[in-house]
Structures are given as C-alpha cells and as structure tokens.
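*Asks:* Here it is, the structure, as structure tokens.
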Amino acid sequence: MTRDEAERLLAELPEHLADMAAFSLATWLRESNVTGLCWSQIDLDRRVAWVHADEAKGKRPIGVPLNVDATLIMHRWQGRHAERVFCWIPRGKTTWLPIEKAGTAAFKKALGRAGIRDFRWHDLRHTWASWHVQAGTPLHVLQELGGWSSYQMVQR
C-alpha cells in the first residue's frame, strides 16, 4: 500500500477502525494484537508497548516502540475503557465496548471506497515493513522490530 492509499483508506474508516489501522501501520501489530491491546501493555512515558509471549505468533514477548503517530493515537484513546485500548460505542448505547475484530465489513467497504483491491488487515503489517525497507531500515533491524524469528521471514 502506498502512503496515498493509506491516507485514502484512513479517511474512509470510522474513527475506531481508522485509529486501529493507523496504529498497525505505525507499529506492525497484527489484528489480534491490536484488538486485544490492554492499557497494561502500554508505557506512554517510555513510548513502548509489548506483546506478551502467549499473544505473540512466535510465542516470545516482543517490545514495540511507539513512534509519534502511535503515541498520539494512544493519547486519544485514554479514558474510554478501563482495560482495553481500542473500543467503540454501539448505536443506541452509552458504554464503550472492546473491539473483537478489525477486518470487518466496514473495513472492506472502506477499502472499496478508497479504491484499494485485494487487501487484508494483515497487509497493514506488510505495508509497515515495506515502508521501513523503503526508508532504509536494515533487514536485521526490521527482523527485531517486527518480531520475526528468522531472517528468511523478513526477506519474504
């Protein structure tokens, strides 16, 4: 996904999905890591989040640096839900509820309106990695940042 495509997609998404997608683009986190992200996994003072080993695909804990974009998103979501970061208020309700799935029909419809085809939520992770490579991040650094267990996975 190009940066222009990303901007178009984010503009078409409802607030909660736009911020979740932007957070994924800023951090590499998988859909399940973003939807399940708890405030106990965030340290805004140190600008870091972490994925517990039982929540990581590779079954080892991963530190996630939070860039300016990710940090701003976290600040916007503070105070909405006591435990979970990303949440929403269903129509007709007044209480914030945790989001269980991000790659929903709303996400797919927004992709269509943005003119983006053949794209899944997981491709946000691939986009994050591609943008890093394009910016000159060495592959061994990208491997560590993205939590890949092997250099071969990064090369893919």
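Chain labels A, B, ... are given in the sequence in which chains occur in the structure tokens; within each chain residues are numbered consecutively from 1, and ligands are likewise numbered from 1 in the order shown.
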Excluding same-chain residues fewer than 5 positions from Trp88 of chain A, what lies within 8 Å of it counting only C-alpha atoms, as a tab-separated table (two decimals) with N, CA, C and O atoms, in the first residue's frame?

*Replies:*
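part_25.tsv, written as the output of this step:
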```tsv
chain	number	residue	atom	x	y	z
A	16	HIS	N	-12.77	4.51	15.12
A	16	HIS	CA	-12.10	3.42	15.84
A	16	HIS	C	-11.27	2.57	14.89
A	16	HIS	O	-10.13	2.21	15.21
A	96	TRP	N	-18.62	2.28	26.30
A	96	TRP	CA	-17.56	1.82	25.40
A	96	TRP	C	-17.36	0.32	25.58
A	96	TRP	O	-17.27	-0.17	26.70
A	97	LEU	N	-17.29	-0.41	24.46
A	97	LEU	CA	-17.07	-1.85	24.49
A	97	LEU	C	-15.80	-2.20	23.72
A	97	LEU	O	-15.50	-1.57	22.69
A	98	PRO	N	-15.05	-3.20	24.18
A	98	PRO	CA	-13.84	-3.61	23.46
A	98	PRO	C	-14.19	-4.10	22.05
A	98	PRO	O	-15.25	-4.67	21.82
A	99	ILE	N	-13.29	-3.86	21.14
A	99	ILE	CA	-13.46	-4.32	19.75
A	99	ILE	C	-12.85	-5.71	19.65
A	99	ILE	O	-11.71	-5.93	20.06
```

*Asks:* If you run DSSP on the backbone, which residues of chain A are strand (DSSP E), as a list of chain:residue names?

*Replies:*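 DSSP-assigned strand (DSSP E) residues in chain A: A:Ile42, A:Asp43, A:Val48, A:Ala49, A:Trp50, A:Val51, A:Ile62, A:Gly63, A:Val64, A:Pro65, A:Cys87, A:Trp88, A:Leu97, A:Pro98.
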
*Asks:* Using the selection just defined, write its residues with N, CA, C and O atoms as a PDB file, in the first residue's frame.

*Replies:*
```pdb
ATOM      1  N   ILE A  42       0.968  -0.860  27.743  1.00  0.00           N
ATOM      2  CA  ILE A  42       1.420   0.416  27.191  1.00  0.00           C
ATOM      3  C   ILE A  42       2.154   1.210  28.263  1.00  0.00           C
ATOM      4  O   ILE A  42       1.672   1.325  29.387  1.00  0.00           O
ATOM      5  N   ASP A  43       3.312   1.758  27.906  1.00  0.00           N
ATOM      6  CA  ASP A  43       4.014   2.706  28.763  1.00  0.00           C
ATOM      7  C   ASP A  43       4.257   3.957  27.924  1.00  0.00           C
ATOM      8  O   ASP A  43       5.198   4.014  27.126  1.00  0.00           O
ATOM      9  N   VAL A  48       6.588   2.861  24.656  1.00  0.00           N
ATOM     10  CA  VAL A  48       6.746   1.457  24.289  1.00  0.00           C
ATOM     11  C   VAL A  48       5.485   0.685  24.657  1.00  0.00           C
ATOM     12  O   VAL A  48       4.774   1.038  25.602  1.00  0.00           O
ATOM     13  N   ALA A  49       5.202  -0.321  23.861  1.00  0.00           N
ATOM     14  CA  ALA A  49       4.147  -1.286  24.167  1.00  0.00           C
ATOM     15  C   ALA A  49       4.809  -2.653  24.129  1.00  0.00           C
ATOM     16  O   ALA A  49       5.963  -2.787  23.706  1.00  0.00           O
ATOM     17  N   TRP A  50       4.114  -3.670  24.578  1.00  0.00           N
ATOM     18  CA  TRP A  50       4.682  -5.009  24.484  1.00  0.00           C
ATOM     19  C   TRP A  50       3.582  -6.019  24.234  1.00  0.00           C
ATOM     20  O   TRP A  50       2.438  -5.825  24.590  1.00  0.00           O
ATOM     21  N   VAL A  51       3.997  -7.064  23.556  1.00  0.00           N
ATOM     22  CA  VAL A  51       3.114  -8.190  23.280  1.00  0.00           C
ATOM     23  C   VAL A  51       3.610  -9.336  24.148  1.00  0.00           C
ATOM     24  O   VAL A  51       4.787  -9.704  24.091  1.00  0.00           O
ATOM     25  N   ILE A  62       7.515  -9.501  22.878  1.00  0.00           N
ATOM     26  CA  ILE A  62       8.090  -8.554  21.935  1.00  0.00           C
ATOM     27  C   ILE A  62       7.824  -7.139  22.433  1.00  0.00           C
ATOM     28  O   ILE A  62       6.689  -6.781  22.748  1.00  0.00           O
ATOM     29  N   GLY A  63       8.881  -6.334  22.476  1.00  0.00           N
ATOM     30  CA  GLY A  63       8.745  -4.911  22.760  1.00  0.00           C
ATOM     31  C   GLY A  63       8.410  -4.178  21.474  1.00  0.00           C
ATOM     32  O   GLY A  63       8.947  -4.501  20.411  1.00  0.00           O
ATOM     33  N   VAL A  64       7.525  -3.208  21.566  1.00  0.00           N
ATOM     34  CA  VAL A  64       7.070  -2.470  20.389  1.00  0.00           C
ATOM     35  C   VAL A  64       7.299  -0.981  20.626  1.00  0.00           C
ATOM     36  O   VAL A  64       6.599  -0.371  21.444  1.00  0.00           O
ATOM     37  N   PRO A  65       8.277  -0.394  19.938  1.00  0.00           N
ATOM     38  CA  PRO A  65       8.472   1.053  20.101  1.00  0.00           C
ATOM     39  C   PRO A  65       7.283   1.815  19.532  1.00  0.00           C
ATOM     40  O   PRO A  65       6.729   1.434  18.501  1.00  0.00           O
ATOM     41  N   CYS A  87     -11.876   0.578  21.476  1.00  0.00           N
ATOM     42  CA  CYS A  87     -13.238   0.237  21.816  1.00  0.00           C
ATOM     43  C   CYS A  87     -14.192   1.064  20.949  1.00  0.00           C
ATOM     44  O   CYS A  87     -13.759   1.888  20.154  1.00  0.00           O
ATOM     45  N   TRP A  88     -15.471   0.821  21.116  1.00  0.00           N
ATOM     46  CA  TRP A  88     -16.474   1.557  20.358  1.00  0.00           C
ATOM     47  C   TRP A  88     -17.767   1.606  21.145  1.00  0.00           C
ATOM     48  O   TRP A  88     -17.951   0.855  22.101  1.00  0.00           O
ATOM     49  N   LEU A  97     -17.288  -0.409  24.458  1.00  0.00           N
ATOM     50  CA  LEU A  97     -17.072  -1.849  24.487  1.00  0.00           C
ATOM     51  C   LEU A  97     -15.797  -2.198  23.724  1.00  0.00           C
ATOM     52  O   LEU A  97     -15.497  -1.572  22.694  1.00  0.00           O
ATOM     53  N   PRO A  98     -15.047  -3.198  24.181  1.00  0.00           N
ATOM     54  CA  PRO A  98     -13.838  -3.613  23.458  1.00  0.00           C
ATOM     55  C   PRO A  98     -14.187  -4.097  22.051  1.00  0.00           C
ATOM     56  O   PRO A  98     -15.253  -4.668  21.823  1.00  0.00           O
TER      57      PRO A  98
END
```

*Asks:* So which bits of segment 40-104 of chain A end up alpha helix (DSSP H) when you DSSP the backbone, as a list in words?

*Replies:*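 Filtering segment 40-104 of chain A to alpha helix (DSSP H) leaves Val68, Asp69, Ala70, Thr71, Leu72, Ile73, Met74, His75, Arg76 and Trp77 of chain A.
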
*Asks:* Go ahead and dump the residues you just picked, N, CA, C and O atoms, as a PDB file, in the first residue's frame.

*Replies:*
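That gives us selection30.pdb:
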```
ATOM      1  N   VAL A  68       5.773   8.705  17.067  1.00  0.00           N
ATOM      2  CA  VAL A  68       4.907   9.842  17.369  1.00  0.00           C
ATOM      3  C   VAL A  68       3.456   9.549  16.999  1.00  0.00           C
ATOM      4  O   VAL A  68       2.541   9.835  17.777  1.00  0.00           O
ATOM      5  N   ASP A  69       3.233   8.964  15.819  1.00  0.00           N
ATOM      6  CA  ASP A  69       1.864   8.654  15.395  1.00  0.00           C
ATOM      7  C   ASP A  69       1.179   7.706  16.374  1.00  0.00           C
ATOM      8  O   ASP A  69       0.036   7.942  16.782  1.00  0.00           O
ATOM      9  N   ALA A  70       1.859   6.643  16.745  1.00  0.00           N
ATOM     10  CA  ALA A  70       1.282   5.655  17.669  1.00  0.00           C
ATOM     11  C   ALA A  70       1.011   6.285  19.035  1.00  0.00           C
ATOM     12  O   ALA A  70      -0.031   6.017  19.654  1.00  0.00           O
ATOM     13  N   THR A  71       1.923   7.116  19.498  1.00  0.00           N
ATOM     14  CA  THR A  71       1.755   7.761  20.796  1.00  0.00           C
ATOM     15  C   THR A  71       0.556   8.703  20.796  1.00  0.00           C
ATOM     16  O   THR A  71      -0.240   8.719  21.745  1.00  0.00           O
ATOM     17  N   LEU A  72       0.392   9.472  19.726  1.00  0.00           N
ATOM     18  CA  LEU A  72      -0.761  10.373  19.628  1.00  0.00           C
ATOM     19  C   LEU A  72      -2.070   9.593  19.627  1.00  0.00           C
ATOM     20  O   LEU A  72      -3.052  10.009  20.255  1.00  0.00           O
ATOM     21  N   ILE A  73      -2.087   8.473  18.935  1.00  0.00           N
ATOM     22  CA  ILE A  73      -3.284   7.630  18.919  1.00  0.00           C
ATOM     23  C   ILE A  73      -3.588   7.134  20.328  1.00  0.00           C
ATOM     24  O   ILE A  73      -4.739   7.169  20.774  1.00  0.00           O
ATOM     25  N   MET A  74      -2.576   6.688  21.048  1.00  0.00           N
ATOM     26  CA  MET A  74      -2.793   6.199  22.411  1.00  0.00           C
ATOM     27  C   MET A  74      -3.377   7.294  23.301  1.00  0.00           C
ATOM     28  O   MET A  74      -4.296   7.045  24.091  1.00  0.00           O
ATOM     29  N   HIS A  75      -2.861   8.501  23.173  1.00  0.00           N
ATOM     30  CA  HIS A  75      -3.380   9.612  23.980  1.00  0.00           C
ATOM     31  C   HIS A  75      -4.853   9.876  23.678  1.00  0.00           C
ATOM     32  O   HIS A  75      -5.625  10.180  24.597  1.00  0.00           O
ATOM     33  N   ARG A  76      -5.259   9.759  22.406  1.00  0.00           N
ATOM     34  CA  ARG A  76      -6.664   9.985  22.044  1.00  0.00           C
ATOM     35  C   ARG A  76      -7.593   8.954  22.683  1.00  0.00           C
ATOM     36  O   ARG A  76      -8.751   9.247  22.945  1.00  0.00           O
ATOM     37  N   TRP A  77      -7.102   7.743  22.900  1.00  0.00           N
ATOM     38  CA  TRP A  77      -7.960   6.668  23.399  1.00  0.00           C
ATOM     39  C   TRP A  77      -7.942   6.531  24.917  1.00  0.00           C
ATOM     40  O   TRP A  77      -8.726   5.759  25.482  1.00  0.00           O
TER      41      TRP A  77
END
```

*Asks:* Give me the residues within 9 Å of Asp19 of chain A as an mmCIF file with N, CA and C atoms, in the first residue's frame, counting only C-alpha atoms and dropping any in the same chain fewer than 5 places off.

*Replies:*
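Dumped everything to result15.cif:
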```cif
data_model
loop_
_atom_site.group_PDB
_atom_site.id
_atom_site.type_symbol
_atom_site.label_atom_id
_atom_site.label_comp_id
_atom_site.auth_asym_id
_atom_site.auth_seq_id
_atom_site.Cartn_x
_atom_site.Cartn_y
_atom_site.Cartn_z
ATOM 1 N N LEU A 10 -7.670 5.484 5.501
ATOM 2 C CA LEU A 10 -7.913 6.030 6.837
ATOM 3 C C LEU A 10 -9.053 7.049 6.817
ATOM 4 N N LEU A 13 -12.488 5.168 6.861
ATOM 5 C CA LEU A 13 -12.813 4.297 8.001
ATOM 6 C C LEU A 13 -13.470 5.081 9.128
ATOM 7 N N PRO A 14 -14.367 4.435 9.904
ATOM 8 C CA PRO A 14 -14.863 5.080 11.121
ATOM 9 C C PRO A 14 -13.700 5.279 12.096
ATOM 10 N N SER A 24 -1.623 0.106 13.527
ATOM 11 C CA SER A 24 -0.958 -1.044 12.896
ATOM 12 C C SER A 24 0.119 -0.592 11.928
ATOM 13 N N ALA A 70 1.859 6.643 16.745
ATOM 14 C CA ALA A 70 1.282 5.655 17.669
ATOM 15 C C ALA A 70 1.011 6.285 19.035
ATOM 16 N N ILE A 73 -2.087 8.473 18.935
ATOM 17 C CA ILE A 73 -3.284 7.630 18.919
ATOM 18 C C ILE A 73 -3.588 7.134 20.328
ATOM 19 N N PHE A 86 -8.569 -0.083 22.390
ATOM 20 C CA PHE A 86 -9.494 0.234 21.310
ATOM 21 C C PHE A 86 -10.888 -0.306 21.610
#
```

*Asks:* If you measure from atom CA of Thr104 of chain A to atom CA of Leu17 of chain A, what distance in Å do you get, rounded to one decimal?

*Replies:* 9.3 Å

*Asks:* Please indicate the distance in Å from atom CA of Leu139 of chain A to atom CA of Glu31 of chain A, rounded to one decimal place.

*Replies:*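 Atom CA of Glu31 of chain A lies 22.8 Å from atom CA of Leu139 of chain A.
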
*Asks:* Could you state the separation of atom CA of Glu12 of chain A and atom CA of Ala110 of chain A in Å, given to one decimal place?

*Replies:*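 So the answer is 5.1 Å.
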
*Asks:* Pick out the closest residue to Arg125 of chain A from this set: A:Leu25, A:Leu9, A:Val154, A:Ala105. Count only C-alpha atoms.

*Replies:*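 Checking each of A:Leu25, A:Leu9, A:Val154, A:Ala105 against Arg125 of chain A, counting only C-alpha atoms, the winner is A:Leu25.
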
*Asks:* Set the distance at 8 Å and use only C-alpha atoms: which residues neighbour Asn67 of chain A once local chain neighbours fewer than 4 positions away are removed? I'd like the list as a PyMOL selection string.

*Replies:* chain A and resi 26-27+47+71

*Asks:* Could you write out that same residue set with N, CA and C atoms as a JSON list (two decimals), in the first residue's frame?

*Replies:*
```json
[["chain", "number", "residue", "atom", "x", "y", "z"],
["A", 26, "ALA", "N", 1.82, 2.06, 12.16],
["A", 26, "ALA", "CA", 2.89, 2.67, 12.94],
["A", 26, "ALA", "C", 3.68, 1.65, 13.76],
["A", 27, "THR", "N", 3.11, 0.48, 14.00],
["A", 27, "THR", "CA", 3.74, -0.45, 14.94],
["A", 27, "THR", "C", 3.98, -1.86, 14.42],
["A", 47, "ARG", "N", 7.31, 5.40, 25.81],
["A", 47, "ARG", "CA", 6.87, 5.23, 24.41],
["A", 47, "ARG", "C", 7.14, 3.82, 23.90],
["A", 71, "THR", "N", 1.92, 7.12, 19.50],
["A", 71, "THR", "CA", 1.75, 7.76, 20.80],
["A", 71, "THR", "C", 0.56, 8.70, 20.80]]
```

*Asks:* From the set A:Ala18, A:Gln155, A:His81, A:Met1, which residue has the shortest atom-to-atom contact distance to Asp118 of chain A, counting only C-alpha atoms?

*Replies:*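 Between A:Ala18, A:Gln155, A:His81, A:Met1, the residue approaching Asp118 of chain A most closely is A:Met1.
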